[in-house]
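Below: one structure, written as structure tokens.
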Amino acid sequence: MTETNLYRLVAAIFGLLCIIQVSFNIVFRLTSDKSTLHIEASYKNLSGEIDELKRKLTDFDKTTVKIKTLIEERDQLIDFFTAKCFQNGWEYYGGSAYYISSVRKSWNESREDCLQKGADLMIINSREEQTLTRQWQDNMWIGLTDKEKEGTWKWVDGTPLITSYWRSNEPNNYENREEDCGEVRFHKDENSWNDESCDVQRVWICEKKLHQ
């Protein structure tokens, strides 16, 4: 190979290398630009999500403050009504206030007295409430009756009797009397209820729900 041909070959190889380098640069730039665009788009999406999260956190904080304020107001009202109740002979227990009368009346008259006080005859929904009644050692009317239908006992709010604490062999309409009203009578026993004539004079328990 002559010297001239060698120069030509070297020049051709050099030119090919230049073309390859230029092509590589173009491909790299295109790839880099594409990656940059993808990164920018991802950043924008992430920024939007962060802003949305900040907004939700702000709303959550505002809601939390409102809830805290409402709870404080509720507690203040409970304290206020509880104090009022204690001043007027009421006793507070488990979200309700209870009033035990000092005189005796029929079941209907007793209920009317409770209603005038913004309450009603006591509804016993739990063993704890049943236990509570046993501390008052007197025969007391509660808000239980089967006046609408004999044998179907309901509370004064219209709900059916599900869990009961009847004394053994009660209710029984003793000696064929019309015993359509419920009372707490046998205080030494957990099952202390008795059915009695609604016209009998008894003390009574009013109940006022404070958490409504």
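Naming scheme: A, B, ... for chains in displayed order of the structure tokens; residues 1 onward per chain; ligands 1 onward as shown.
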Mind checking DSSP for segment 50-192 of chain A and telling me the alpha helix (DSSP H) residues as number ranges by chain? A: 50-87, 107-116, 127-133
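Residues in contact with Lys147 of chain A at 12 Å, where only C-alpha atoms are counted and same-chain residues fewer than 3 positions away are skipped, are listed as Trp107, Asn108, Gly143, Leu144, Glu150, Gly151, Thr152, Trp153, Lys154, Trp155, Val156, Gly158, Glu178, Glu179, Asp180, Cys181, Gly182, Asp195, Glu196, Ser197 and Cys198 of chain A.
The environment of Leu121 of chain A within 10 Å, counting only C-alpha atoms and disregarding residues fewer than 4 places along the same chain, consists of Tyr98, Tyr99, Trp107, Asn108, Ser110, Arg111, Glu112, Asp113, Cys114, Leu115, Trp141, Ile142, Gly143, Leu144, Trp155, Val156, Asp157, Trp204, Ile205, Cys206, Glu207 and Lys208 of chain A.
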Given only C-alpha atoms as the basis, pick out the residue of A:Leu210, A:Leu70, A:Ile124, A:Val200 nearest to Tyr165 of chain A. A:Ile124
Please identify all polymer residues within 7 Å of Lys105 of chain A, counting only C-alpha atoms, omitting same-chain residues fewer than 3 positions from it, and present them as a list of chain:residue names. A:Glu109, A:Ser110, A:Gln201, A:Arg202, A:Val203
For C-alpha atoms, I'd like the residues from the last selection saved as a tab-separated table (two decimals), in the first residue's frame.
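result30.tsv was written with the following content:
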```
chain	number	residue	atom	x	y	z
A	109	GLU	CA	-99.43	10.34	87.82
A	110	SER	CA	-95.79	9.43	88.35
A	201	GLN	CA	-99.40	4.56	95.11
A	202	ARG	CA	-95.62	4.24	94.78
A	203	VAL	CA	-92.57	6.46	94.69
```
Neighbour list for Lys209 of chain A as a compact mmCIF listing (two decimals) with C-alpha atoms, in the first residue's frame, cut-off 9 Å, only C-alpha atoms, skip fewer than 3 positions in-chain:
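Full text of selection.txt as output:
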```txt
# COMPACT_ATOMS: atom_id res chain seq x y z
CA GLY A 95 -74.98 9.73 80.92
CA SER A 96 -78.39 10.10 82.58
CA ALA A 97 -79.82 12.04 85.50
CA TYR A 98 -82.25 10.30 87.86
CA ALA A 119 -87.84 13.35 81.61
CA GLN A 212 -78.66 13.07 73.16
```
